[in-house]
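Shown here: target.txt, compact mmCIF, C-alpha atoms.
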# COMPACT_ATOMS: atom_id res chain seq x y z
CA MET A 1 0.00 0.00 0.00
CA PRO A 2 1.26 3.49 -0.80
CA GLU A 3 2.04 6.09 1.82
CA LYS A 4 -1.14 7.76 3.05
CA LYS A 5 -0.92 10.82 0.87
CA HIS A 6 -3.86 13.22 0.91
CA ILE A 7 -5.54 14.54 -2.24
CA ALA A 8 -8.20 17.23 -2.41
CA VAL A 9 -10.71 16.87 -5.25
CA ILE A 10 -12.57 20.08 -6.06
CA GLY A 11 -16.01 19.34 -7.48
CA ALA A 12 -18.27 16.33 -6.85
CA GLY A 13 -19.79 15.86 -10.26
CA ALA A 14 -19.09 12.81 -12.43
CA ALA A 15 -15.37 13.59 -12.81
CA GLY A 16 -14.73 14.43 -9.17
CA MET A 17 -16.61 11.45 -7.79
CA GLU A 18 -14.90 9.03 -10.16
CA ALA A 19 -11.42 10.43 -9.48
CA ALA A 20 -12.02 10.36 -5.72
CA GLY A 21 -13.14 6.73 -5.86
CA GLN A 22 -10.18 5.64 -7.96
CA LEU A 23 -7.68 7.26 -5.60
CA ALA A 24 -9.44 6.01 -2.48
CA ARG A 25 -9.36 2.40 -3.67
CA SER A 26 -5.65 2.82 -4.36
CA GLY A 27 -5.11 3.58 -0.67
CA TYR A 28 -4.98 7.37 -0.68
CA LEU A 29 -6.93 9.71 1.56
CA VAL A 30 -9.28 11.99 -0.36
CA THR A 31 -11.27 15.06 0.61
CA LEU A 32 -14.04 15.65 -1.92
CA LEU A 33 -15.28 19.25 -1.94
CA GLU A 34 -18.60 20.32 -3.47
CA LYS A 35 -20.00 23.85 -3.53
CA ASP A 36 -23.63 22.68 -3.82
CA GLY A 37 -25.62 20.83 -1.21
CA GLN A 38 -25.50 17.51 -3.07
CA THR A 39 -23.23 15.56 -5.37
CA GLY A 40 -23.82 14.48 -8.96
CA GLY A 41 -23.28 17.69 -10.92
CA HIS A 42 -25.32 17.95 -14.11
CA VAL A 43 -25.83 14.19 -14.37
CA LYS A 44 -28.44 14.21 -11.63
CA ASP A 45 -30.54 16.70 -13.62
CA TRP A 46 -30.74 14.52 -16.72
CA TYR A 47 -33.45 11.94 -17.49
CA HIS A 48 -32.20 9.41 -20.05
CA LEU A 49 -28.65 9.40 -21.39
CA PHE A 50 -27.44 8.90 -24.94
CA PRO A 51 -26.65 6.75 -26.80
CA ASP A 52 -28.37 3.84 -25.03
CA ARG A 53 -31.01 5.98 -23.28
CA ARG A 54 -30.35 4.48 -19.86
CA ASP A 55 -31.76 6.24 -16.80
CA SER A 56 -29.27 8.71 -15.34
CA LYS A 57 -30.10 7.36 -11.86
CA GLU A 58 -28.05 4.26 -12.70
CA VAL A 59 -24.96 6.39 -13.35
CA ILE A 60 -25.57 8.42 -10.20
CA GLU A 61 -25.76 5.22 -8.13
CA TYR A 62 -22.44 4.07 -9.59
CA LEU A 63 -20.79 7.41 -8.83
CA LYS A 64 -22.13 7.45 -5.28
CA LYS A 65 -20.52 4.06 -4.68
CA GLN A 66 -17.24 5.41 -6.03
CA ALA A 67 -17.31 8.44 -3.75
CA GLY A 68 -18.65 6.44 -0.82
CA HIS A 69 -15.35 4.68 -0.16
CA LYS A 70 -14.12 4.79 3.44
CA ASN A 71 -11.05 6.79 2.37
CA VAL A 72 -13.19 9.61 0.95
CA THR A 73 -14.34 12.49 3.14
CA LEU A 74 -17.17 14.37 1.41
CA ARG A 75 -17.80 18.00 2.30
CA THR A 76 -20.69 19.76 0.60
CA GLY A 77 -21.57 23.46 0.64
CA ILE A 78 -17.86 24.30 0.45
CA THR A 79 -16.62 26.91 -2.04
CA VAL A 80 -12.92 26.86 -2.83
CA GLN A 81 -11.65 30.40 -3.09
CA ARG A 82 -7.90 30.05 -3.60
CA LEU A 83 -5.06 27.54 -3.89
CA GLU A 84 -1.61 28.16 -2.45
CA LYS A 85 1.53 26.01 -2.58
CA ASN A 86 4.15 26.10 0.15
CA ASN A 87 7.13 23.72 0.31
CA GLY A 88 5.38 21.12 -1.82
CA LEU A 89 2.20 21.19 0.26
CA PHE A 90 -1.04 22.78 -0.94
CA VAL A 91 -3.21 25.01 1.19
CA ILE A 92 -6.80 25.33 0.01
CA LYS A 93 -8.65 28.40 1.20
CA THR A 94 -12.40 27.82 1.39
CA SER A 95 -15.52 29.79 2.22
CA GLY A 96 -15.90 30.84 5.83
CA ASP A 97 -12.14 31.24 6.26
CA GLY A 98 -11.68 27.48 6.10
CA GLU A 99 -8.38 25.84 5.23
CA ILE A 100 -7.52 22.36 3.92
CA LYS A 101 -4.03 20.98 3.35
CA SER A 102 -3.23 18.35 0.74
CA ASP A 103 -0.34 16.76 -1.13
CA ALA A 104 -2.01 17.13 -4.53
CA ILE A 105 -5.17 18.58 -6.03
CA ILE A 106 -7.58 17.48 -8.73
CA VAL A 107 -9.73 20.28 -10.11
CA ALA A 108 -13.05 18.94 -11.40
CA THR A 109 -15.21 22.06 -11.44
CA GLY A 110 -17.10 21.00 -14.58
CA PHE A 111 -19.12 23.33 -16.76
CA ASP A 112 -22.10 25.67 -16.77
CA LEU A 113 -24.83 25.59 -19.39
CA PHE A 114 -24.96 28.72 -21.53
CA ARG A 115 -27.58 31.14 -20.20
CA SER A 116 -30.02 31.28 -23.09
CA GLU A 117 -31.46 34.67 -22.13
CA ARG A 118 -28.21 36.16 -23.45
CA LYS A 119 -29.57 35.42 -26.94
CA GLU A 120 -32.55 37.78 -26.78
CA GLU A 121 -33.61 37.03 -30.35
CA TYR A 122 -34.43 33.47 -29.25
CA GLY A 123 -37.03 34.69 -26.78
CA TYR A 124 -36.04 32.69 -23.71
CA GLY A 125 -37.50 34.35 -20.63
CA ILE A 126 -39.73 36.45 -22.88
CA TYR A 127 -42.20 33.88 -24.22
CA ASP A 128 -43.62 31.19 -21.94
CA ASN A 129 -43.28 28.23 -24.28
CA ILE A 130 -39.58 28.63 -25.03
CA ILE A 131 -37.50 26.35 -22.81
CA THR A 132 -33.94 25.02 -22.69
CA SER A 133 -32.72 21.46 -23.12
CA ALA A 134 -32.19 21.32 -19.33
CA ASP A 135 -35.78 22.47 -18.72
CA LEU A 136 -37.03 19.72 -21.01
CA GLU A 137 -35.15 17.05 -19.06
CA THR A 138 -37.06 18.17 -15.95
CA LEU A 139 -40.35 17.78 -17.84
CA PHE A 140 -39.33 14.29 -18.96
CA ARG A 141 -38.65 13.27 -15.37
CA LYS A 142 -42.06 14.64 -14.31
CA ASN A 143 -43.70 12.94 -17.31
CA GLU A 144 -45.63 16.11 -18.16
CA ILE A 145 -44.57 17.75 -21.42
CA ARG A 146 -47.06 20.58 -21.67
CA ARG A 147 -47.29 24.18 -22.75
CA HIS A 148 -47.56 26.95 -20.21
CA ASN A 149 -51.38 26.82 -20.41
CA GLY A 150 -51.45 23.07 -19.80
CA GLU A 151 -52.02 22.03 -23.40
CA ILE A 152 -50.03 19.21 -24.98
CA PRO A 153 -47.69 20.61 -27.67
CA ARG A 154 -48.28 19.19 -31.15
CA LYS A 155 -45.46 20.98 -32.97
CA VAL A 156 -42.12 21.16 -31.22
CA GLY A 157 -38.94 22.76 -32.52
CA PHE A 158 -35.32 22.34 -31.41
CA ILE A 159 -32.71 25.03 -32.04
CA HIS A 160 -29.11 23.78 -32.11
CA CYS A 161 -25.92 25.64 -31.18
CA VAL A 162 -27.37 28.10 -28.67
CA GLY A 163 -24.29 29.76 -27.21
CA SER A 164 -21.87 27.62 -29.23
CA ARG A 165 -20.10 28.43 -32.50
CA ASP A 166 -21.23 31.99 -31.93
CA GLU A 167 -18.75 34.84 -32.15
CA LYS A 168 -21.31 37.33 -30.82
CA VAL A 169 -21.27 35.68 -27.39
CA GLY A 170 -17.56 34.87 -27.54
CA ASN A 171 -17.93 31.11 -27.90
CA VAL A 172 -16.46 30.05 -31.24
CA TYR A 173 -16.00 26.42 -30.19
CA CYS A 174 -18.42 23.52 -30.68
CA SER A 175 -19.95 22.12 -27.47
CA LYS A 176 -19.91 18.64 -29.09
CA LEU A 177 -23.01 17.31 -27.33
CA CYS A 178 -25.84 19.64 -28.39
CA CYS A 179 -26.60 17.76 -31.63
CA ILE A 180 -26.82 14.32 -30.07
CA THR A 181 -28.78 15.71 -27.13
CA ALA A 182 -31.30 17.20 -29.56
CA VAL A 183 -31.62 13.85 -31.35
CA LYS A 184 -32.17 12.03 -28.06
CA GLN A 185 -34.67 14.61 -26.78
CA ALA A 186 -36.58 14.73 -30.06
CA MET A 187 -37.07 10.97 -29.84
CA GLU A 188 -38.17 11.29 -26.21
CA VAL A 189 -40.78 13.89 -27.19
CA LYS A 190 -42.18 11.49 -29.79
CA LYS A 191 -42.33 8.73 -27.18
CA HIS A 192 -44.31 10.96 -24.83
CA ILE A 193 -46.46 12.52 -27.59
CA PRO A 194 -46.62 10.06 -30.53
CA ASP A 195 -48.64 12.38 -32.79
CA ALA A 196 -46.37 15.39 -32.27
CA ARG A 197 -44.45 16.84 -35.20
CA VAL A 198 -40.84 17.55 -34.27
CA PHE A 199 -38.38 19.77 -36.12
CA CYS A 200 -34.65 20.23 -35.51
CA PHE A 201 -33.04 23.39 -36.90
CA TYR A 202 -29.32 22.79 -37.13
CA MET A 203 -26.13 24.37 -38.47
CA ASP A 204 -24.31 21.05 -39.03
CA MET A 205 -25.15 17.65 -37.57
CA ARG A 206 -22.04 16.60 -35.68
CA MET A 207 -22.42 12.96 -34.65
CA GLY A 208 -18.90 12.38 -33.33
CA GLY A 209 -19.40 9.56 -30.87
CA ALA A 210 -20.07 5.83 -30.58
CA MET A 211 -23.61 5.00 -31.75
CA TYR A 212 -24.42 8.70 -32.37
CA GLU A 213 -24.86 8.33 -36.12
CA GLU A 214 -27.02 5.26 -35.62
CA LEU A 215 -29.24 7.19 -33.18
CA TYR A 216 -29.54 10.03 -35.70
CA LYS A 217 -30.64 7.56 -38.38
CA GLU A 218 -33.12 5.89 -36.04
CA SER A 219 -34.66 9.26 -35.15
CA GLN A 220 -35.52 9.83 -38.81
CA GLU A 221 -36.56 6.33 -39.85
CA LYS A 222 -38.42 5.22 -36.73
CA TYR A 223 -39.62 8.48 -35.18
CA GLY A 224 -40.00 10.74 -38.20
CA ILE A 225 -37.97 13.65 -36.83
CA ASN A 226 -37.61 16.46 -39.38
CA TYR A 227 -34.16 18.03 -39.74
CA ILE A 228 -33.88 21.45 -41.35
CA ARG A 229 -30.47 22.98 -42.00
CA GLY A 230 -31.14 26.56 -41.13
CA LYS A 231 -30.25 29.40 -38.80
CA LEU A 232 -32.91 30.99 -36.62
CA SER A 233 -33.19 34.74 -37.11
CA GLU A 234 -36.23 35.65 -35.03
CA VAL A 235 -38.91 34.29 -32.69
CA SER A 236 -42.19 36.02 -31.95
CA GLU A 237 -45.61 35.12 -30.59
CA ASN A 238 -48.90 35.55 -32.44
CA ILE A 239 -52.35 36.37 -31.08
CA GLU A 240 -53.07 32.65 -30.56
CA ASN A 241 -50.00 32.33 -28.34
CA LYS A 242 -48.22 30.24 -30.95
CA LEU A 243 -44.52 30.74 -31.45
CA VAL A 244 -43.57 32.04 -34.89
CA VAL A 245 -40.03 31.24 -35.94
CA LYS A 246 -38.21 32.72 -38.91
CA VAL A 247 -35.39 30.57 -40.22
CA GLU A 248 -33.08 30.81 -43.17
CA ASP A 249 -33.20 27.39 -44.86
CA THR A 250 -29.58 27.22 -46.04
CA LEU A 251 -30.08 24.07 -48.13
CA ALA A 252 -33.08 25.39 -50.05
CA GLY A 253 -31.67 28.92 -50.10
CA ARG A 254 -34.92 30.53 -48.96
CA PRO A 255 -36.49 31.96 -45.79
CA LEU A 256 -38.83 29.75 -43.79
CA LYS A 257 -41.61 30.77 -41.42
CA MET A 258 -43.27 28.27 -39.10
CA GLU A 259 -45.69 28.16 -36.17
CA LEU A 260 -44.70 26.03 -33.17
CA ASP A 261 -46.30 25.13 -29.85
CA MET A 262 -42.98 24.78 -28.05
CA LEU A 263 -39.37 25.68 -28.80
CA VAL A 264 -36.39 24.01 -27.14
CA LEU A 265 -33.01 25.76 -27.08
CA MET A 266 -30.01 23.44 -27.08
CA ALA A 267 -27.77 25.33 -24.65
CA GLY A 268 -24.04 24.84 -25.10
CA MET A 269 -21.37 24.29 -22.47
CA GLU A 270 -19.18 26.99 -20.94
CA MET A 271 -16.42 26.94 -18.36
CA SER A 272 -18.09 27.04 -14.95
CA LYS A 273 -18.09 30.29 -13.01
CA SER A 274 -16.51 28.50 -10.05
CA GLY A 275 -13.73 27.29 -12.33
CA LEU A 276 -13.10 30.75 -13.74
CA ASP A 277 -13.03 32.27 -10.26
CA LEU A 278 -10.54 29.65 -9.14
CA ALA A 279 -8.36 30.23 -12.20
CA ARG A 280 -8.21 33.97 -11.52
CA SER A 281 -7.51 33.67 -7.80
CA SER A 282 -4.93 30.90 -8.06
CA GLY A 283 -3.07 31.67 -11.28
CA LEU A 284 -4.33 28.61 -13.16
CA GLN A 285 -4.13 29.12 -16.90
CA THR A 286 -7.12 29.01 -19.22
CA GLY A 287 -7.19 28.65 -22.99
CA GLU A 288 -8.87 30.69 -25.70
CA ASN A 289 -12.13 28.88 -24.99
CA ARG A 290 -11.79 29.89 -21.29
CA PHE A 291 -11.65 26.25 -20.09
CA PHE A 292 -8.57 25.21 -18.11
CA ALA A 293 -5.51 24.89 -20.33
CA PRO A 294 -3.72 21.54 -19.92
CA ALA A 295 0.04 21.27 -19.83
CA ASP A 296 -0.06 19.47 -23.18
CA HIS A 297 -3.09 18.69 -25.34
CA HIS A 298 -1.66 15.38 -26.57
CA PHE A 299 0.02 13.71 -23.60
CA GLY A 300 -0.75 15.97 -20.65
CA SER A 301 -4.45 16.72 -20.82
CA ASN A 302 -4.89 15.98 -17.09
CA LYS A 303 -1.91 18.03 -15.95
CA SER A 304 -1.96 21.72 -15.21
CA LYS A 305 1.09 23.92 -15.55
CA THR A 306 1.34 23.95 -11.75
CA ASP A 307 3.15 20.86 -10.48
CA GLY A 308 0.79 18.83 -8.32
CA VAL A 309 -2.47 20.29 -9.68
CA PHE A 310 -4.42 18.10 -12.08
CA TYR A 311 -7.64 18.46 -14.09
CA ALA A 312 -10.48 16.01 -14.60
CA GLY A 313 -13.53 16.18 -16.84
CA ALA A 314 -15.38 19.02 -18.53
CA CYS A 315 -13.43 21.80 -16.82
CA THR A 316 -10.93 21.33 -19.68
CA ALA A 317 -13.36 21.05 -22.62
CA PRO A 318 -16.91 19.91 -23.41
CA MET A 319 -17.17 16.14 -23.07
CA ASN A 320 -19.81 13.49 -22.52
CA ILE A 321 -20.17 11.33 -19.41
CA THR A 322 -18.21 8.42 -20.89
CA ASP A 323 -15.24 10.65 -21.74
CA THR A 324 -15.55 12.47 -18.42
CA ILE A 325 -15.24 9.26 -16.43
CA SER A 326 -12.27 8.12 -18.55
CA HIS A 327 -10.62 11.53 -18.10
CA ALA A 328 -11.14 11.29 -14.33
CA ARG A 329 -9.52 7.86 -14.22
CA ALA A 330 -6.55 9.23 -16.16
CA ALA A 331 -6.26 12.12 -13.69
CA ALA A 332 -6.14 9.66 -10.79
CA ALA A 333 -3.41 7.69 -12.59
CA ASP A 334 -1.40 10.89 -13.11
CA VAL A 335 -1.68 11.75 -9.41
CA ILE A 336 -0.38 8.28 -8.44
CA ASP A 337 2.49 8.66 -10.92
CA TYR A 338 3.22 12.11 -9.45
CA PHE A 339 3.69 10.59 -5.98
CA ARG A 340 5.81 7.71 -7.33
CA ASN A 341 8.16 10.19 -9.00
CA GLN A 342 8.54 12.04 -5.70
CA GLU A 343 9.60 8.82 -4.01
CA SER A 344 12.15 7.80 -6.65

Produce C-alpha cells that represent the structure in this file.
Amino acid sequence: MPEKKHIAVIGAGAAGMEAAGQLARSGYLVTLLEKDGQTGGHVKDWYHLFPDRRDSKEVIEYLKKQAGHKNVTLRTGITVQRLEKNNGLFVIKTSGDGEIKSDAIIVATGFDLFRSERKEEYGYGIYDNIITSADLETLFRKNEIRRHNGEIPRKVGFIHCVGSRDEKVGNVYCSKLCCITAVKQAMEVKKHIPDARVFCFYMDMRMGGAMYEELYKESQEKYGINYIRGKLSEVSENIENKLVVKVEDTLAGRPLKMELDMLVLMAGMEMSKSGLDLARSSGLQTGENRFFAPADHHFGSNKSKTDGVFYAGACTAPMNITDTISHARAAAADVIDYFRNQES
C-alpha cells in the first residue's frame, strides 16, 4: 500500500466522484469538496442518457458508490476560493475562512450551461413556451410535457448551437453534445407525444461519438424527426400564443416561417463560473475557450502547468459522461504517478 498521501478533489460531479473513488481504492486519503448541497453535478438533472437511453439514476448510483469509499471524506456546501503552494504542500482556502491541506489537487469544477437569455432574439425568458434542453429534461422526469397553459404541444422545434459556434457571445467552439442531445430529446418527445411533429433546426449535424450516427438515423426512420439545415433569425408570438419562428433554410436557399407550440433551445457548455473564479484567484491558466488549459493537449491533458495540480472532466473542454469518467480515471493515474516520482 502506498504512503497515506492526501488529495483534495474540487467538485463532486461525475469527474470528481470518479477520481475520488479511484484514488481512495488505491489507498490514498481523499477530501471531496462540493460547492452545492448535493453531489452528482449535471448528471443528476438529466433523465435518459445517450446513446443507449439508460436512466441517469443508474450512473448516479455508480458514482455514489465510487465516492462512498471509506477513504473519501465528502464536504458539501464548500466553495474553494484560492489555492496556495508552500514547500510542496497545498493550502486550500475555502468559504468561511476554512483551510484544507493536501499533497495534490484534482480540479473537477465542470461546466455551466450557456444562459439562453443572453440570446434575446431566441425569446427565452420572454415567451412562456420557449425552454432550454435542461428544462425539457425536468419535464421528462415529471412525465408532463405541456405548454404553459397546460395544453399538450403538437409541434415542437429544437434550435441547435445556442451559445456555441457563436462569435457574438464569444464562444467560437463547438460544445460537441448539443446535436446528439437534440436527437435524443426529439425521440423522447415522440415517445411521450406520438402524434407530435418535431423539427430540428441545425447548423451542421455533428455525430462524433459511438452510436451517435445510428441514433440520428433511427430518429428519422423510426420516429420521423424532421431536420432542417437553417439558422434561426427571429422568434415572436402571435395572437393565438403560438410561437412564430423565422429561419433561413440554407439548403433550399430561402427563408422559412413556421408556427410552433414549443421551442427548445439546445444550450451549449461553458467553463463554470466557479472554475473561472478559481483560475483567476490561483493563477491557473485558461485557454482561448476559457476552459482550463492543460500542460499538453496530446500527452498531458490531465496536468496543469502547476506541479501537483491536475484536471479532470469538462473543466478542460466539453465532453460526454463516458469521456468524463475516462478523463477522471486518467487524472487519478497521473496523481499516483506524481507521488511515485517524488519517491524515486

Which residues of region 163-278 of chain A sit at most 12 Å from region 3-20 of chain A, using only C-alpha atoms? Give each one's shortest atom pair and distance in Å (one decimal place), in chain and ascending residue order, as a tab-separated table.
residue	atom	partner	partner_atom	distance
A:Ser272	CA	A:Gly11	CA	10.9
A:Ser274	CA	A:Gly11	CA	9.5
A:Gly275	CA	A:Gly11	CA	9.6
A:Leu278	CA	A:Ile10	CA	10.3

*Å distance separating CA of Glu151 (chain A) from CA of Ile131 (chain A), one decimal place*: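 These two atoms are separated by 15.2 Å.
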
*Which is closest to Ile60 (chain A) among A:Asp45, A:Glu137, A:Glu248, A:Glu234, if we use only C-alpha atoms?*
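Nearest candidate to Ile60 (chain A) out of A:Asp45, A:Glu137, A:Glu248, A:Glu234: A:Asp45.
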
*For Leu215 (chain A), which residue among A:Pro51, A:Glu58, A:Phe292, A:Lys242 is the nearest when counting all atoms listed in the file?*
A:Pro51

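CA of Gly98 (chain A) sits 26.6 Å away from CA of Leu63 (chain A).
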
*If we count all atoms listed in the file, what is near region 138-148 of chain A at a cut-off of 10 Å, once residues fewer than 4 positions away on the same chain are taken out, given as a list in words?*
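What passes the distance filter is Asp45, Trp46, Tyr47, His48, Asp55, Tyr127, Asp128, Asn129, Ile130, Ser133, Ala134, Ile152, Pro153, Arg154, Gln185, Glu188, Val189, His192, Ile193, Asp261 and Met262 of chain A.
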